[in-house]
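*Asks:* If it helps, the file is called coords_7.cif and holds mmCIF, C-alpha atoms:
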```cif
data_data
loop_
_atom_site.label_atom_id
_atom_site.label_comp_id
_atom_site.auth_asym_id
_atom_site.auth_seq_id
_atom_site.Cartn_x
_atom_site.Cartn_y
_atom_site.Cartn_z
CA MET T 1483 0.00 0.00 0.00
CA SER T 1484 1.35 3.43 -0.91
CA ALA T 1485 1.90 6.03 1.81
CA PRO T 1486 -1.12 8.26 2.54
CA ASN T 1487 -1.05 11.78 1.18
CA PRO T 1488 -2.84 14.94 2.29
CA PRO T 1489 -5.11 16.74 -0.21
CA ARG T 1490 -3.01 17.80 -3.19
CA TRP T 1491 -4.64 21.22 -3.40
CA ALA T 1492 -3.75 21.91 0.24
CA GLU T 1493 -0.13 20.94 -0.37
CA ALA T 1494 -0.04 23.18 -3.45
CA LEU T 1495 -1.54 26.03 -1.42
CA LEU T 1496 1.06 25.56 1.32
CA ARG T 1497 3.90 25.78 -1.19
CA LEU T 1498 2.51 29.09 -2.47
CA LEU T 1499 2.73 30.52 1.03
CA LEU T 1500 6.31 29.58 1.80
CA ALA T 1501 9.62 31.22 0.95
CA PRO T 1502 11.73 29.13 -1.47
CA ARG T 1503 14.15 28.13 1.33
CA ASP T 1504 11.30 26.69 3.42
CA ARG T 1505 9.19 25.15 0.65
CA GLN T 1506 10.67 21.66 0.87
CA THR T 1507 11.55 21.57 4.57
CA VAL T 1508 8.25 22.88 6.01
CA SER T 1509 6.04 20.88 3.64
CA GLY T 1510 8.22 17.85 4.52
CA ASP T 1511 7.67 18.46 8.26
CA LEU T 1512 3.90 18.59 7.80
CA LEU T 1513 3.89 15.52 5.54
CA GLU T 1514 5.97 13.57 8.07
CA GLU T 1515 3.62 14.48 10.91
CA TYR T 1516 0.59 13.64 8.74
CA ARG T 1517 1.92 10.23 7.73
CA GLU T 1518 3.58 9.13 10.98
CA ASN T 1519 1.25 10.55 13.59
CA ILE T 1520 -2.03 12.11 12.51
CA TYR T 1521 -3.18 9.65 9.83
CA PRO T 1522 -2.50 6.42 11.82
CA GLU T 1523 -4.13 7.91 14.95
CA ARG T 1524 -7.16 9.64 13.44
CA GLY T 1525 -7.82 8.19 9.96
CA ARG T 1526 -8.22 9.82 6.54
CA GLY T 1527 -10.94 12.45 7.11
CA PRO T 1528 -9.71 13.94 10.40
CA ALA T 1529 -6.10 13.77 9.18
CA ASP T 1530 -7.01 15.72 6.03
CA ARG T 1531 -8.90 18.24 8.15
CA TRP T 1532 -5.84 18.59 10.41
CA TYR T 1533 -3.62 19.22 7.39
CA ILE T 1534 -6.03 21.79 5.94
CA SER T 1535 -6.23 23.57 9.32
CA GLN T 1536 -2.42 23.79 9.43
CA VAL T 1537 -2.38 25.29 5.93
CA ALA T 1538 -5.17 27.70 6.96
CA GLY T 1539 -2.90 28.81 9.82
CA PHE T 1540 -0.18 29.69 7.29
CA VAL T 1541 -2.77 31.59 5.18
CA LEU T 1542 -3.91 33.54 8.23
CA ARG T 1543 -0.37 34.31 9.36
CA GLY T 1544 0.61 35.50 5.88
CA ASN T 1545 -2.36 37.83 5.31
CA TRP T 1546 -3.73 39.02 8.66
CA LEU T 1547 -2.03 42.39 8.56
CA TRP T 1548 -3.46 43.44 5.17
CA ALA T 1549 -6.84 41.95 6.06
CA ALA T 1550 -6.89 43.92 9.32
CA LEU T 1551 -5.98 47.15 7.52
CA LEU T 1552 -8.55 46.56 4.75
CA SER T 1553 -11.36 45.70 7.15
CA GLY T 1554 -10.30 48.54 9.48
CA SER T 1555 -10.63 51.08 6.65
CA PHE T 1556 -13.99 49.60 5.63
CA ILE T 1557 -15.39 49.66 9.16
CA THR T 1558 -14.11 53.21 9.72
CA ARG T 1559 -15.72 54.36 6.47
CA THR T 1560 -19.01 52.67 7.45
CA ALA T 1561 -18.93 54.22 10.93
CA LEU T 1562 -18.32 57.69 9.46
CA ASP T 1563 -21.11 57.26 6.90
CA TRP T 1564 -23.56 56.10 9.56
CA PHE T 1565 -22.68 58.38 12.45
CA VAL T 1566 -21.25 61.47 10.72
CA PRO T 1567 -23.04 61.44 7.34
CA PRO T 1568 -21.59 63.84 4.77
CA LYS T 1569 -23.53 65.82 2.14
CA ASP T 1570 -21.46 64.25 -0.62
CA PHE T 1571 -19.99 60.72 -0.33
CA TYR T 1572 -17.57 61.21 -3.23
CA ILE T 1573 -14.41 62.10 -1.30
CA ARG T 1574 -14.89 59.34 1.29
CA SER T 1575 -15.72 56.89 -1.45
CA MET T 1576 -12.56 57.73 -3.40
CA ALA T 1577 -10.40 57.58 -0.26
CA SER T 1578 -11.70 54.17 0.84
CA THR T 1579 -11.50 52.76 -2.71
CA TRP T 1580 -7.88 53.82 -3.17
CA LEU T 1581 -6.98 52.56 0.30
CA ALA T 1582 -8.48 49.17 -0.54
CA ILE T 1583 -6.57 49.09 -3.84
CA ALA T 1584 -3.33 49.97 -2.04
CA PHE T 1585 -3.80 47.29 0.65
CA LEU T 1586 -4.60 44.57 -1.90
CA LEU T 1587 -1.64 45.52 -4.10
CA CYS T 1588 0.61 45.44 -1.02
CA ALA T 1589 -0.78 42.05 0.04
CA GLY T 1590 0.00 40.62 -3.40
CA PHE T 1591 3.40 42.28 -3.53
CA CYS T 1592 4.49 40.97 -0.11
CA ALA T 1593 3.27 37.42 -0.78
CA ALA T 1594 5.01 37.24 -4.16
CA TRP T 1595 8.14 38.87 -2.75
CA ARG T 1596 8.26 36.21 0.00
CA SER T 1597 7.58 33.21 -2.21
CA GLY T 1598 8.97 34.38 -5.53
CA LEU T 1599 5.77 33.08 -7.16
CA LEU T 1600 3.24 35.14 -9.09
CA ARG T 1601 0.33 32.90 -8.03
CA SER T 1602 1.08 33.76 -4.39
CA GLY T 1603 0.03 37.33 -5.11
CA ALA T 1604 -3.34 36.24 -6.46
CA LEU T 1605 -3.84 33.91 -3.49
CA ALA T 1606 -2.95 36.73 -1.08
CA GLY T 1607 -5.49 38.98 -2.80
CA ILE T 1608 -8.28 36.42 -2.36
CA ALA T 1609 -7.27 35.47 1.20
CA THR T 1610 -6.95 39.10 2.29
CA THR T 1611 -10.37 39.95 0.84
CA LEU T 1612 -12.10 36.96 2.44
CA LEU T 1613 -10.51 37.55 5.84
CA ALA T 1614 -11.34 41.25 5.63
CA ALA T 1615 -14.93 40.41 4.63
CA ALA T 1616 -15.32 38.23 7.73
CA ILE T 1617 -13.87 40.91 10.04
CA SER T 1618 -15.90 43.68 8.34
CA THR T 1619 -19.15 41.75 8.67
CA ILE T 1620 -18.57 41.27 12.39
CA GLY T 1621 -17.40 44.86 12.83
CA THR T 1622 -20.29 46.49 10.99
CA GLY T 1623 -22.71 44.10 12.72
CA CYS T 1624 -21.35 45.38 16.06
CA LEU T 1625 -21.72 49.00 14.90
CA PHE T 1626 -25.36 48.34 14.01
CA ALA T 1627 -26.00 46.56 17.31
CA ILE T 1628 -24.47 49.46 19.28
CA ARG T 1629 -26.41 52.21 17.51
CA HIS T 1630 -29.57 51.84 15.43
CA ASP T 1631 -31.67 54.89 16.31
CA ALA T 1632 -33.87 56.62 13.72
CA ALA T 1633 -31.15 59.09 12.64
CA THR T 1634 -28.64 56.27 12.13
CA LEU T 1635 -31.17 54.19 10.16
CA THR T 1636 -31.78 57.18 7.87
CA ALA T 1637 -28.02 57.65 7.42
CA ILE T 1638 -27.66 53.93 6.59
CA GLN T 1639 -30.36 54.18 3.92
CA GLU T 1640 -28.79 57.31 2.41
CA SER T 1641 -25.33 55.72 2.30
CA GLY T 1642 -26.50 52.68 0.31
CA GLY T 1643 -28.36 50.55 2.83
CA LEU T 1644 -27.44 47.60 5.03
CA ALA T 1645 -27.36 45.14 2.12
CA GLU T 1646 -24.52 47.05 0.47
CA VAL T 1647 -22.51 47.19 3.69
CA PHE T 1648 -22.67 43.41 4.16
CA SER T 1649 -22.32 42.40 0.49
CA LEU T 1650 -19.57 44.82 -0.60
CA PRO T 1651 -16.69 43.05 1.20
CA ILE T 1652 -17.62 39.74 -0.49
CA MET T 1653 -17.97 41.45 -3.88
CA LEU T 1654 -14.33 42.52 -3.56
CA VAL T 1655 -13.07 38.94 -4.03
CA ILE T 1656 -12.64 39.17 -7.82
CA PRO T 1657 -11.04 42.65 -7.75
CA GLY T 1658 -8.97 41.33 -4.83
CA LEU T 1659 -7.70 38.48 -6.98
CA ALA T 1660 -6.83 40.85 -9.83
CA LEU T 1661 -5.12 43.41 -7.59
CA GLY T 1662 -3.27 40.71 -5.66
CA ALA T 1663 -2.03 39.28 -8.96
CA LEU T 1664 -0.95 42.75 -10.10
CA GLY T 1665 0.92 43.31 -6.83
CA GLY T 1666 2.34 39.82 -7.29
CA ILE T 1667 3.76 40.69 -10.71
CA VAL T 1668 5.53 43.71 -9.20
CA GLY T 1669 6.73 41.59 -6.26
CA VAL T 1670 8.18 38.84 -8.47
CA VAL T 1671 9.84 41.33 -10.83
CA ALA T 1672 11.29 43.30 -7.89
CA ARG T 1673 12.59 40.12 -6.26
CA ARG T 1674 14.20 38.91 -9.47
CA SER T 1675 15.72 42.32 -10.20
CA ILE T 1676 17.24 42.57 -6.74
CA SER T 1677 18.54 38.99 -6.69
CA SER T 1678 20.11 39.42 -10.16
CA TYR T 1679 21.58 42.79 -9.09
CA MET P 1038 19.78 43.45 27.35
CA ALA P 1039 19.03 44.17 23.68
CA ASP P 1040 16.03 41.94 23.07
CA VAL P 1041 13.62 40.44 25.60
CA LEU P 1042 12.33 37.04 24.54
CA GLY P 1043 8.62 36.24 24.66
CA ASN P 1044 7.39 33.05 26.36
CA PHE P 1045 6.80 31.27 23.06
CA GLU P 1046 10.23 32.27 21.76
CA GLN P 1047 11.77 30.87 24.94
CA ALA P 1048 9.80 27.63 24.51
CA VAL P 1049 11.11 27.25 20.96
CA LEU P 1050 14.71 28.06 21.90
CA LEU P 1051 14.62 25.66 24.85
CA ALA P 1052 13.18 22.95 22.59
CA VAL P 1053 16.15 23.47 20.27
CA VAL P 1054 18.53 23.13 23.23
CA ARG P 1055 16.79 19.99 24.52
CA LEU P 1056 16.65 18.28 21.13
CA ASP P 1057 20.30 19.07 20.42
CA ASP P 1058 21.31 17.40 17.13
CA ALA P 1059 17.73 16.31 16.40
CA ALA P 1060 16.22 19.82 16.45
CA TYR P 1061 14.30 20.13 13.18
CA GLY P 1062 10.85 21.61 12.47
CA ARG P 1063 8.56 18.71 13.34
CA ALA P 1064 10.57 17.59 16.38
CA ILE P 1065 10.60 21.18 17.71
CA LEU P 1066 6.82 21.43 17.18
CA LYS P 1067 6.21 18.24 19.16
CA GLU P 1068 8.59 19.26 21.94
CA VAL P 1069 6.94 22.68 22.27
CA GLN P 1070 3.47 21.06 22.32
CA MET P 1071 4.57 18.64 25.03
CA ARG P 1072 6.17 21.32 27.22
CA LEU P 1073 3.30 23.81 26.85
CA ASP P 1074 0.76 20.99 27.10
CA ARG P 1075 -1.41 22.32 24.25
CA GLU P 1076 -1.89 22.08 20.49
CA VAL P 1077 0.42 24.44 18.65
CA ALA P 1078 0.09 25.33 14.96
CA ALA P 1079 3.02 24.35 12.77
CA GLY P 1080 2.85 27.85 11.26
CA ALA P 1081 3.40 29.45 14.66
CA VAL P 1082 6.57 27.42 15.27
CA HIS P 1083 7.81 28.01 11.74
CA ALA P 1084 7.25 31.79 12.01
CA THR P 1085 9.06 31.87 15.36
CA LEU P 1086 12.00 29.82 14.08
CA THR P 1087 12.33 32.16 11.09
CA ARG P 1088 12.17 35.26 13.31
CA LEU P 1089 14.72 33.86 15.79
CA GLU P 1090 17.07 32.96 12.95
CA GLN P 1091 16.73 36.47 11.49
CA LYS P 1092 17.56 37.91 14.92
CA GLY P 1093 20.68 35.76 14.95
CA PHE P 1094 19.61 33.55 17.87
CA LEU P 1095 19.50 30.37 15.77
CA ILE P 1096 21.67 28.87 13.06
CA SER P 1097 20.24 26.36 10.60
CA ARG P 1098 21.55 23.75 8.20
CA LEU P 1099 19.87 21.34 5.82
CA GLY P 1100 19.83 17.61 6.47
CA PRO P 1101 18.82 14.74 4.21
CA GLY P 1102 15.19 13.78 3.63
CA THR P 1103 13.58 10.45 4.42
CA GLU P 1104 11.05 8.28 2.60
CA VAL P 1105 8.19 9.31 4.90
CA ARG P 1106 8.88 12.94 3.96
CA ALA P 1107 8.89 12.05 0.25
CA GLY P 1108 12.61 12.79 0.24
CA ARG P 1109 12.15 16.40 1.30
CA PRO P 1110 15.08 17.73 3.38
CA ARG P 1111 14.96 18.68 7.06
CA ARG P 1112 16.17 22.00 8.40
CA PHE P 1113 18.11 21.46 11.63
CA TYR P 1114 18.50 24.31 14.09
CA SER P 1115 21.12 25.05 16.74
CA LEU P 1116 21.52 27.84 19.25
CA SER P 1117 23.97 30.63 18.43
CA THR P 1118 26.03 32.45 21.05
CA ALA P 1119 23.55 35.34 20.86
CA GLY P 1120 20.69 32.88 21.37
CA ARG P 1121 22.34 31.40 24.48
CA ARG P 1122 22.90 34.89 25.83
CA ALA P 1123 19.25 35.83 25.14
CA LEU P 1124 17.99 32.73 26.98
CA ASN P 1125 20.26 33.44 29.94
CA ASP P 1126 19.05 37.05 30.00
CA ALA P 1127 15.41 35.94 29.91
CA ARG P 1128 15.99 33.58 32.83
CA ALA P 1129 17.86 36.29 34.76
CA VAL P 1130 14.91 38.68 34.33
CA VAL P 1131 12.47 36.11 35.75
CA ASP P 1132 14.80 35.29 38.64
CA LYS P 1133 15.17 39.01 39.41
CA LEU P 1134 11.39 39.50 39.39
CA TRP P 1135 10.87 36.58 41.77
CA ARG P 1136 13.71 37.42 44.16
CA GLY P 1137 12.40 37.74 47.71
CA PHE P 1138 9.25 35.63 47.09
CA ARG P 1139 8.63 32.03 48.08
CA TRP P 1140 6.98 30.00 45.35
CA PRO P 1141 4.14 29.08 45.16
CA LEU P 1142 2.68 32.32 46.52
CA LYS P 1143 0.67 31.59 49.66
CA GLY P 1144 -3.07 31.53 49.10
CA TYR P 1145 -2.86 31.21 45.30
CA LEU P 1146 -1.87 27.58 44.79
#
```
Starting from the file, lay out its structure as structure tokens.
*Replies:*
Amino acid sequence: MSAPNPPRWAEALLRLLLAPRDRQTVSGDLLEEYRENIYPERGRGPADRWYISQVAGFVLRGNWLWAALLSGSFITRTALDWFVPPKDFYIRSMASTWLAIAFLLCAGFCAAWRSGLLRSGALAGIATTLLAAAISTIGTGCLFAIRHDAATLTAIQESGGLAEVFSLPIMLVIPGLALGALGGIVGVVARRSISSY
Amino acid sequence: MADVLGNFEQAVLLAVVRLDDAAYGRAILKEVQMRLDREVAAGAVHATLTRLEQKGFLISRLGPGTEVRAGRPRRFYSLSTAGRRALNDARAVVDKLWRGFRWPLKGYL
């Protein structure tokens, strides 16, 4: 019987998250633990879940900073729109859009710089957006729970409504992928230029 | 004292000392889990090892892979002089804080 293997997609994901020097050693450590300890003790399903949770930990560790900044800017913008509504949303809208673009480009750049792989940038863009969406949903939910008087409800309606606030972070996944990939291209090119210099 | 070590950093460095020649990623993870008596994510240990190596507290070298690792190499870690000094400093700080007290504190344990 051949040795058991964790899900191939999870292994591929892990490799995208690691620096070249760690790609073989860290994935080897996890594979060894999976085969020698987790799989014999727990069986296929739980062992695969363990492996995926370990990879998720690497995803979280690699993207939490950009996700925190992105969700922080989104929650701040929402709080301002709800509690200090402006006459014209244009300036705030432009500021929060460009901040989001900058954070996603940075996330892609850093991931690709670390791994030397273009795909890492795209993955960072998606991961950052999804993590930020989760944090933003909780954050804006808390804002709504704290204050939902008549004036705030009017401000919410005038700023686009609750549906927009909760759906917008999820709708950023595709732009997140594109921006992460763009940042990734810059990251890979910068890394190659510096290493060849 | 240039750099104060956190508890988790101390746990990782002490695992490297305990494991001696066998201190590689997975063995360090298991040692840390055993000493702290809780599940620890591989990513947390890996990030700490990388940070400690960047600070100059650890030195690493590659070792051969095995069949169970699909031939992938192991990275073995050892303590540098700066790492030993940092651990000694961390212990000295704790000793200094506790000087004059009897442990366990009466009424707490």
*Asks:* Within 8 Å of chain P, which residues of chain T are there when counting all atoms listed in the file? Please give them as a tab-separated table (two decimals) with C-alpha atoms, keeping the file's coordinate frame.
*Replies:*
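Output file out_39.tsv follows:
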```
chain	number	residue	atom	x	y	z
T	1485	ALA	CA	1.90	6.03	1.81
T	1506	GLN	CA	10.67	21.66	0.87
T	1507	THR	CA	11.55	21.57	4.57
T	1508	VAL	CA	8.25	22.88	6.01
T	1509	SER	CA	6.04	20.88	3.64
T	1510	GLY	CA	8.22	17.85	4.52
T	1511	ASP	CA	7.67	18.46	8.26
T	1512	LEU	CA	3.90	18.59	7.80
T	1513	LEU	CA	3.89	15.52	5.54
T	1514	GLU	CA	5.97	13.57	8.07
T	1515	GLU	CA	3.62	14.48	10.91
T	1517	ARG	CA	1.92	10.23	7.73
T	1518	GLU	CA	3.58	9.13	10.98
T	1536	GLN	CA	-2.42	23.79	9.43
T	1537	VAL	CA	-2.38	25.29	5.93
T	1539	GLY	CA	-2.90	28.81	9.82
T	1540	PHE	CA	-0.18	29.69	7.29
T	1543	ARG	CA	-0.37	34.31	9.36
```
*Asks:* List, as JSON, numbers by chain, every residue that the PyMOL selection byres ((chain T and resi 1558-1567) around 12) selects in the file provided.
*Replies:* {"T": [1550, 1551, 1552, 1553, 1554, 1555, 1556, 1557, 1568, 1569, 1570, 1571, 1572, 1573, 1574, 1575, 1576, 1577, 1578, 1579, 1581, 1582, 1618, 1619, 1621, 1622, 1623, 1624, 1625, 1626, 1628, 1629, 1630, 1631, 1632, 1633, 1634, 1635, 1636, 1637, 1638, 1639, 1640, 1641, 1642, 1643, 1644, 1646, 1647, 1648, 1650, 1651]}
*Asks:* So, counting only C-alpha atoms, which residue among T:Trp1532, T:Phe1585, T:Tyr1679, T:Trp1595 is closest to Ala1549 of chain T?
*Replies:*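 Using only C-alpha atoms, Ala1549 of chain T sits closest to T:Phe1585.
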*Asks:* Find the residues near Val1053 of chain P: any atom within 8 Å, counting only C-alpha atoms, skip ones fewer than 5 places away on the same chain, and give them as a ChimeraX atom specification.
*Replies:* /P:1060,1065,1114-1116
*Asks:* For atom CA of Arg1524 of chain T and atom CA of Ala1538 of chain T, quote the distance in Å rounded to one decimal.
*Replies:* 19.3 Å
*Asks:* Which residue gives the smallest distance to Gly1093 of chain P among P:Ala1119, P:Ala1129, P:Leu1134, P:Met1071, with all atoms listed in the file counted?
*Replies:*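 Using all atoms listed in the file, the shortest distance to Gly1093 of chain P belongs to P:Ala1119.
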*Asks:* Would you mind reading off the distance between atom CA of Ala1609 of chain T and atom CA of Leu1499 of chain T, one decimal, in Å?
*Replies:* 11.2 Å
*Asks:* So what does the PyMOL selection byres ((chain P and resi 1092) around 12) actually pick up in this one, as a list of chain:residue names?
*Replies:*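 Against this file, the PyMOL selection byres ((chain P and resi 1092) around 12) returns the residues P:Ala1039, P:Asp1040, P:Val1041, P:Leu1042, P:Glu1046, P:Thr1085, P:Leu1086, P:Thr1087, P:Arg1088, P:Leu1089, P:Glu1090, P:Gln1091, P:Gly1093, P:Phe1094, P:Leu1095, P:Ile1096, P:Leu1116, P:Ser1117, P:Thr1118, P:Ala1119, P:Gly1120, P:Ala1123.
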*Asks:* Could you please determine the separation between atom CA of Pro1657 of chain T and atom CA of Ser1602 of chain T in Å, to one decimal place?
*Replies:*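 That distance, rounded to one decimal, is 15.4 Å.
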*Asks:* Any chance you could work out the axis-aligned box around segment 1489-1506 of chain T, listed atoms only, 4 Å on each side, giving centre and edge lengths in Å to one decimal, as JSON?
*Replies:*
```
{"center_x": 4.5, "center_y": 24.0, "center_z": 0.0, "size_x": 27.3, "size_y": 22.5, "size_z": 14.9}
```
*Asks:* Just so the selection is clear, what residues does the PyMOL selection byres ((chain T and resi 1493) around 10) cover here, as a VMD selection string?
*Replies:* chain T and resid 1487 to 1492 1494 to 1498 1509 1512 to 1513 1533 to 1534 1537
*Asks:* Within 7 Å of (-8.2, 38.9, -4.0), all atoms listed in the file: residues as a JSON list (two decimals) with C-alpha atoms, in the frame of the given file?
*Replies:*
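The result, written out as result01.json:
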```json
[["chain", "number", "residue", "atom", "x", "y", "z"],
["T", 1604, "ALA", "CA", -3.34, 36.24, -6.46],
["T", 1605, "LEU", "CA", -3.84, 33.91, -3.49],
["T", 1606, "ALA", "CA", -2.95, 36.73, -1.08],
["T", 1607, "GLY", "CA", -5.49, 38.98, -2.80],
["T", 1608, "ILE", "CA", -8.28, 36.42, -2.36],
["T", 1609, "ALA", "CA", -7.27, 35.47, 1.20],
["T", 1610, "THR", "CA", -6.95, 39.10, 2.29],
["T", 1611, "THR", "CA", -10.37, 39.95, 0.84],
["T", 1655, "VAL", "CA", -13.07, 38.94, -4.03],
["T", 1656, "ILE", "CA", -12.64, 39.17, -7.82],
["T", 1657, "PRO", "CA", -11.04, 42.65, -7.75],
["T", 1658, "GLY", "CA", -8.97, 41.33, -4.83],
["T", 1659, "LEU", "CA", -7.70, 38.48, -6.98],
["T", 1660, "ALA", "CA", -6.83, 40.85, -9.83],
["T", 1661, "LEU", "CA", -5.12, 43.41, -7.59],
["T", 1662, "GLY", "CA", -3.27, 40.71, -5.66]]
```
*Asks:* For Val1082 of chain P, which residue out of P:Asn1125, P:Glu1068, P:Trp1135, P:Val1130 is the nearest one, using all atoms listed in the file?
*Replies:*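 Checking each candidate against Val1082 of chain P, we get P:Glu1068 as the closest.
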*Asks:* For each of P:Arg1121, P:Lys1143, P:Arg1098, P:Arg1136, take the minimum atom-to-atom distance to Gln1047 of chain P, counting only C-alpha atoms, then give the residue where this is smallest.
*Replies:*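 With only C-alpha atoms as the atom set, the closest residue is P:Arg1121.
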